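Engineer: This is the structure I want to talk about, given as structure tokens.
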Amino acid sequence: MTESLQEARVAPSNDIESLIGREYEQGFITDIESETLPPGIDEGVVARVSEIKGEPDFMREWRLEAYRRWREMKAPDWAKLSIAPIDYQAISYYSAPKSKEDAPKSLDEVDPKLLETYEKLGIPLEERAVLAGVAVDAVFDSVSVATTFKERLASEGIIFCSFSEAVRNHPDLIREYLGSVVPRSDNFFAALNSAVFTDGSFVYVPRGVRCPMELSTYFRINAANTGQFERTLVIADEGSYVSYLEGCTAPMRDENQLHAAVVELVALEGATIKYATVQNWYPGDENGVGGIYNFVTKRGDCRGARSKISWTQVETGSAITWKYPSCVLRGDDSVGEFYSVAVTHHHQQADTGTKMIHLGRNTRSNIVSKGISAGRSRNAYRGLVQVGRDAASARNYTQCDSLLMGDRCAAHTFPYMEVKNPSARVEHEATTSKIGEDQLFYCMSRGLSAEDAVSMIVSGFCKEVFNELPMEFAVEARNLLNVSLEGAIG
Amino acid sequence: MPSPLLEISDLHVAVDGDAILKGVSLSVQPGEVHAVMGPNGSGKSSLCHVLAGGNGYDVTRGSVAYRGEDLLALEPDERAKQGIFLAFQYPVEIPGVNNAYFLKAAVNAVRRARGDEELDAIDFMQLMREKVKLVDMDEGLLRRPLNEGFSGGEKKRNEILQMMLLEPRLAILDETDSGLDIDALRIVADGVNALRSPDRAIVVVTHHERFLEYVVPDHVHVLFEGRIARSGGRTLARELEERGYGHLRAEAAA
Amino acid sequence: MPTGVEHYRQEWSAAHASLPGARVGWIDRARREALDRFCGRGFPTPRDEDWKYTNVRPLERRAFRFDPGPEGGAEGGAEPLPSARRLDGLDAAAVLVFRNGVLASSHSGTAGTVPDAVRVESLAGMLESDPERVEPFLSGGGGHNAFSDLNRAFLAGGAFVSIGRGVQCDAPVELVFESVGESDVASHPLVLVLAEADSAATIVEHHLGAGAGTKLANPFTRIAVGERAAVEHHLLLEEDESTWHTGNVEASVAAGGRLGSNAVQLGGRLVRYGIDVSLDGAGATVILNGLYVARGRQHVDFHTRVDHREPGGTSEQVYKGLLDGHGRGVFNGRVLVHLDAQHSDASQSNHNLLLSPDAEIDTKPQLEIFADDVKCSHGATVGQLDERAVHYLRSRGLGEDTARALLTFGFADDVLARMGLPALRRHVERGLAGALPALAGLPPMDSANGI
């Protein structure tokens with residue numbers, strides 16, 4: 001597995017291979033670097049994952065405890081998603097990098113449909129190869145660029161590395177913060193992730209430091225290796241600022257069915273974390289065959305006064321999405337934000353939203369959710385706004401709009417508001433409507449094609465959310481929307 | 001010279017830290033009508049709200065005396081009880097609160113403060129019907145929730161109706177004429193003129209000279225960038241109508 | 001003595017053979033099936049999504065006794081509740097008074113003004129004399145939750161109201177349900193309202209209670225609105241602080257029909273009110289208005305569900321809550337627009353005011369849309385009075401307390417005004433003014449003149 005980009009320069013071939021994906025082989029292969037565990041999970045497997053990764057004892061124990069909790073839990077069914085039963089004993093929890101021979105040797109060997117999509121999205125040429133999993137050295141330039149960024153970050157005292165590296169080099173920070181926002185037994189998928197997560201990213205921004213760049217350019221390249229059970233931990237120390245973008249606008253080449261990631265954010269006094277996700281995993285085909293199950297637990301803890309955590313997500317991929325990026329507003333005057341665009345088409349199902357837990361005084365939260373359903377898909381917003389007894393003068397505003405395209409899709413809105421403080425003000429507004437025929441007509445009477453008119457109206461509908469994304473991603477996200485909704489209006 | 005009813009001295013006001021009024025001084029004697037004109041954003045509405053005790057206006061310097069007392073120390077309802085009335089530019093819509101019920105409560109609160117006897121339902125209805133006719137307002141509006149769903153013109157008439165019922169000593173009209181057609185303008189003006197008396201004063205804030213043809217002012221002031229840039233007689237209003245506010249900018253720059 | 005499900009099974013075994021209509025096949029079957037459903041799933045727990053915020057464990061632990069008693073014999077017991085608590089000036093066409101679910105005929109009667117085709121009578125009588133008439137409405141359905149099952153299992157009587165085709169019954173029909181007397185008495189009355197095509201009627205259901213004993217009032221109301229018919233249903237819950245109320249309303253509206261549902265809750269220890277409306281025909285309309293007030297240690301839970309099943313339906317909901325003391329309010333409003341129910345128009349709003357630091361509200365509006373050409377919206381707020389409005393009132397001379405009292409009152413009166421029944425509005429206005437400290441500063445009111 002990728003440990004760091006420094007190593008990647010030393011041993012490039014291993015690293016690039018690991019970007020590609022996995023194969024499911026039976027039986028042990030003795031070479032640790034390419035070991036694949038047989039399918040199935042028990043305490044032995046969990047301990048072995050930890051051993052392979054060369055983790056300290058505390059991590060092994062942490063994983064084992066998570067596994068024991070998970071064993072006692074049941075998969076949640078409250079979202080009423082149609083999920084084919086998952087056989088957790090049929091999954092391999094650690095697998096070797098896919099061998100170089102199986103990967104496409106050049107872009108010529110890549111599925112032309114995939115390349116067409118990259119073209120539409122405007123993905124730079126050199127990145128297309130990485131995303132398509134081409135096992136050649138063509139991507140080296142990008143990696144070196146990324147490394148340059150990394151040196152720049154290090155000079156500011158910012159730690160940005162793979163999770164495994166952080167476990168090795170910064171065990172104190174891991175010990176203090178891992179699981180402090182999403183406890184091991186938080187939910188079924190978080191517990192499973194805690195037991196068997198393979199890698200992910202770690203960020204620490206020291207006191208008073210403003211991270212000089214979006215932590216995204218790097219990550220676009222790094223993203224492919226994070227795997228099935230990804231773990232991300234971002235810590236913003238007092239008065240610091242960091243903006244982080246995960247995921248990638250292009251469809252990832254990935255055969256894993258189940259993704260159960262956990263993201264934990266910690267903002268100390270006066271710190272700000274902006275976390276943006278563009279998710280476009282394989283959604284399955286027009287008939288609902290295949291596709292990723294994306295069951296993600298993301299939570300931020302505004303631990304200090306005046307801290308702020310802002311989630312932005314553009315979700316267009318996966319067969320099933322189940323995620324609720326949340327904020328625990330513990331510090332006085334802390335702020336939580338959630339901006340979301342979720343698009344579903346064909347047979348996709350999305351159940352997504354947020355939780356804003358107001359505990360401190362004068363805490364504020366803002367929720368903007370835009371759902372677009374087409375085809376036979378199902379798109380639900382589910383959100384909780386909770387105001388605790390002591391959260392004097394808490395404020396929440398939620399705006400939740402759904403757009404329907406086609407008479408066989410569904411859009412649902414399930415907000416929960418629980419208020420225990422009389423000085424709180426909580427407002428929720430939601431609308432559901434068809435894409436406006438008068439708007440379409442108006443645009444077309446000015447010469448736009450139906451497709452352009454739809455795309456213009458839809459991006460207008462999502463504007464508030466796109467405004468929260470870094471510029472270049474906003475453009476790609478807009479393109480992504482068009483690609484996802486192709487053929488949604490006849 | 002009698003003592004002034006209202007004495008504004010070097011008033012500085014900030015909203016959210018931004019200076020809006022930067023040293024306004026104005027003296028209003030009983031019996032007078034003052035017009036305050038000025039371009040958008042010059043601070044006219046802020047001046048009105050400071051006098052009525054609105055929230056969010058920080059007086060950073062200066063003073064306002066009303067009948068010789070510190071006006072700024074009073075709560076909004078105390079000001080009303082002492083005879084200050086602000087006709088709002090944008091009257092607030094209040095669902096569920098019956099207009100007539102509210103009017104009766106307000107009239108009796110003010111009467112109590114003056115030492116007058118409170119009106120019972122029957123006397124109040126009689127008084128209200130009388131005044132409603134004067135402002136040519138649909139009586140049905142009295143049974144509706146306060147200002148809710150009223151048209152722009154209906155809201156303004158309702159403000160004038162309230163003014164007539166509360167019989168203030170100092171009436172401040174914040175762009176009451178804006179958005180009214182010519183007939184409604186006349187009705188509102190008649191209502192204001194009916195209130196004119198030697199012991200009352202009226203401050204009319206307006207954009208348009210035309211309203212001042214109906215409500216003829218004794219003094220005209222031009223508020224510009226938070227200060228009173230010019231004061232004069234009613235001819236000043238005509239001059240502004242002809243020349244606009246542009247030349248004030250030149251004067252301010254000079 | 002057993003409690004929980006077992007207690008009710010025993011009660012049922014002892015009682016069912018002597019219940020009205022026991023020898024009628026479908027009635028007996030409906031009771032048995034309901035009992036089996038109830039025993040099968042037991043009392044709900046906070047693990048059930050629909051009962052997340054309302055815990056009925058304390059109710060489950062008691063053994064409420066069901067005693068249908070003979071009809072007409074109830075007046076031999078306690079004195080009737082003081083008439084002052086009844087709605088003033090209603091001018092009802094007919095009145096039926098029930099004591100613990102049993103018709104008290106000496107307090108019931110019909111005014112001379114009732115049209116011929118309007119029937120207002122004892123349901124127990126119907127079960128014996130004309131069961132076929134009510135079979136389509138009572139043989140199935142009713143299985144919303146444990147309490148509607150319990151009601152059906154112990155179906156013993158209540159009111160039957162029918163309005164013939166094309167008949168307009170202008171004066172309201174008043175149904176009064178009193179829960180009185182000793183501890184642990186349960187009543188499970190059922191109201192069946194059948195409005196045939198093109199008819200119109202107003203039904204007022206008034207639930208009262210008195211006495212220190214813990215009581216369970218578990219009514220069920222079934223309303224069938226025919227094509228182009230119009231029914232206004234008013235439900236006023238004013239039980240005392242020792243009564244648990246777990247009533248449900250189930251309504252269906254045929255093409256072009258219109259139902260107005262108006263629910264006001266002031267009393268009760270724990271109140272769980274559920275209404276399910278099914279818009280079964282094209283262009284059917286339902287207007288729902290509600291007000292709930294929780295104070296002291298009251299717990300109030302309003303659950304609404306509207307199903308748009310056919311094209312062109314309209315639903316409009318306005319629910320408001322005032323929460324004071326240690327009161328806790330729950331609102332759960334669900335709107336479903338089914339496949340092919342195109343051109344549906346659904347709106348829902350829920351607004352709540354918390355008046356004390358210990359009060360609490362949990363609100364959960366839900367939209368579930370399976371058709372695309374629709375207009376649906378919902379809004380929910382929890383908050384305080386609009387400070388701009390407070391200032392406006394104060395600038396007219398009202399003191400701060402008065403201004404706030406007036407706005408709090410206006411918050412509630414806004415929805416009462418939508419209900420369109422002056423007698424009910426005045427009654428509730430009076431009830432509110434006396435009940436909430438926040439309204440102490442309210443200016444004196446002359447409701448006859450509306451000032």
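By order of appearance in the structure tokens: chains A, B, ..., then residues from 1 within every chain, and ligands from 1 in the order shown.
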Could you produce a table of the residues of chain C lying within 6 Å of chain B, with the nearest pair of atoms per residue and their separation in Å rounded to one decimal, using only C-alpha atoms, ordered by chain and increasing residue number, as CSV?
Structural biologist:
residue,atom,partner,partner_atom,distance
C:Arg394,CA,B:Asp77,CA,4.4
C:Ser395,CA,B:Pro76,CA,5.0
C:Arg396,CA,B:Ala80,CA,5.6
C:Gly397,CA,B:Asp77,CA,4.1
C:Leu398,CA,B:Asp77,CA,5.5
C:Gly399,CA,B:Asp77,CA,5.7
C:Gly410,CA,B:Gly96,CA,3.9
C:Phe411,CA,B:Gly96,CA,5.6
C:Asp413,CA,B:Gly96,CA,5.2
C:Asp414,CA,B:Gly96,CA,3.8
C:Ile451,CA,B:Tyr101,CA,4.0
Engineer: Report the residues of region 194-235 of chain B whose backbone DSSP state falls under strand (DSSP E), written as a list in words.
Structural biologist: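 Result set for region 194-235 of chain B (strand (DSSP E)): Ala201, Ile202, Val203, Val204, Val205, His219, Val220, His221, Val222, Leu223, Phe224, Arg227, Ile228, Ala229, Arg230, Ser231 and Gly232 of chain B.
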Engineer: May I ask you to extract the residues of chain C within 6 Å of chain A, using only C-alpha atoms, and to give them as a PyMOL selection string?
Structural biologist: chain C and resi 354+357+360-364+366-383
Engineer: Fewer than 6 positions away in the same chain doesn't count, so skip those; otherwise give me all residues within 8 Å of Val120 (chain C), counting only C-alpha atoms, as a ChimeraX atom specification.
Structural biologist: /C:94,159-162,173
Engineer: Restricting it to N, CA, C and O atoms, dump the selection as an mmCIF file, in the first residue's frame.
Structural biologist:
data_model
loop_
_atom_site.group_PDB
_atom_site.id
_atom_site.type_symbol
_atom_site.label_atom_id
_atom_site.label_comp_id
_atom_site.auth_asym_id
_atom_site.auth_seq_id
_atom_site.Cartn_x
_atom_site.Cartn_y
_atom_site.Cartn_z
ATOM 1 N N ALA C 94 -77.733 18.357 16.571
ATOM 2 C CA ALA C 94 -77.946 17.183 17.405
ATOM 3 C C ALA C 94 -76.781 17.049 18.365
ATOM 4 O O ALA C 94 -75.668 17.450 18.048
ATOM 5 N N ALA C 159 -70.725 6.836 18.000
ATOM 6 C CA ALA C 159 -71.719 7.603 17.267
ATOM 7 C C ALA C 159 -71.725 7.209 15.802
ATOM 8 O O ALA C 159 -70.679 6.929 15.225
ATOM 9 N N PHE C 160 -72.911 7.217 15.243
ATOM 10 C CA PHE C 160 -73.055 7.010 13.811
ATOM 11 C C PHE C 160 -73.714 8.251 13.223
ATOM 12 O O PHE C 160 -74.780 8.651 13.649
ATOM 13 N N VAL C 161 -73.039 8.885 12.289
ATOM 14 C CA VAL C 161 -73.592 10.083 11.664
ATOM 15 C C VAL C 161 -73.579 9.857 10.163
ATOM 16 O O VAL C 161 -72.530 9.547 9.591
ATOM 17 N N SER C 162 -74.727 10.001 9.533
ATOM 18 C CA SER C 162 -74.715 9.906 8.080
ATOM 19 C C SER C 162 -75.533 11.034 7.477
ATOM 20 O O SER C 162 -76.541 11.466 8.039
ATOM 21 N N VAL C 173 -73.130 18.957 14.199
ATOM 22 C CA VAL C 173 -73.487 17.809 15.034
ATOM 23 C C VAL C 173 -72.452 17.763 16.154
ATOM 24 O O VAL C 173 -71.251 17.770 15.886
#
Engineer: For the atom pair CA of Ala79 (chain A) and CA of Asp307 (chain C), what is the interatomic distance in Å to one decimal place?
Structural biologist: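 It comes out at 20.0 Å.
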Engineer: Out of region 2-249 of chain B, which residues get helix (DSSP H, G or I) from DSSP, as a count of residues only?
Structural biologist: 100
Engineer: Could you list, as a list of chain:residue names, every residue within 10 Å of Ser484 (chain A), counting only C-alpha atoms and ignoring same-chain residues fewer than 3 positions away?
Structural biologist: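 In the requested format, the answer is A:Asn280, A:Pro283, A:Thr316, A:Gly317, A:Val343, A:Thr344, A:His345, A:His346, A:Ala374, A:Asn479, A:Leu480, A:Leu481, A:Gly487, A:Ala488.
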